[in-house]
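Worksheet: one structure, shown below.
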Amino acid sequence: MKLVKDVMIRDTIDVSPFASLRDALSLMKKHQVKSLVVDKQNEHDAYGLITYTNILKTVIAEDGDIDLLNVYDACAKPVISVGEHLGIRYAASLMSQHRVKRLLVLQDNQLVGFVVMDDIMAALLDTID
């Protein structure tokens, strides 16, 4: 059975919760990604996640300005997280149950990566002849 560590993305792009939505979008564009990990503010804090969808919903719902709204106004926090030794079928089940496409991968409350539904599907498709 494949594990989360076999399909996870280890190189994450992080953003401060105090960055503007414009800054977050610029980072996404620069790195060609659809989501960013929102940094913890202290060792007991939780990581967050911000996606295109979060930004779009916040800007439309709040009729907001991407220069005036901050990442913390739009991000999901805390986010669902798993360990890297979890089987990918259980990660996929969590994603399905909670209707999310991304899970953070933590070890002792420290970020080691994240896993995306597309990567789990690719691993599944690799098993099919």
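Ordering of the structure tokens sets the chain letters (A, B, ...), residue numbers begin anew at 1 in every chain, and ligands are numbered from 1 in the order given.
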
Where does DSSP see helix (DSSP H, G or I) in chain A, if you list the residues as a ChimeraX atom specification?
/A:4-7,21-31,52-62,71-74,88-98,117-126

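Running DSSP on the backbone gives strand (DSSP E or B) for these residues within stretch 11-119 of chain A: Asp14, Val15, Ser20, Ser35, Leu36, Val37, Val38, Gly48, Leu49, Ile50, Thr51, Asn70, Ala76, Ser81, Val82, Gly87, Arg102, Leu103, Leu104, Val105, Leu106, Gln107, Gln110, Leu111, Val112, Gly113, Phe114, Val115 and Val116 of chain A.
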
Could you name the residues that touch A:Ser35 at 8 Å or less, counting only C-alpha atoms, but leaving out those on the same chain fewer than 4 positions away, as a list in words?
Met28, Leu49, Ile50, Thr51 and Tyr52 of chain A

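With only C-alpha atoms as the basis for measurement, A:Ile88 is the residue among A:Ala19, A:Val79, A:Ile88, A:Leu36 that approaches A:Asp118 most closely.
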
Using Å and a single decimal, report how far atom CA of A:Ile13 sits from atom CA of A:Glu84.
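So the answer is 18.4 Å.
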
Measuring between only C-alpha atoms, which one of A:Ile9, A:Leu94, A:Ala74, A:Ala61 shows the shortest distance to A:Leu111?
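Looking at the shortest contact to A:Leu111, the residue is A:Ile9.
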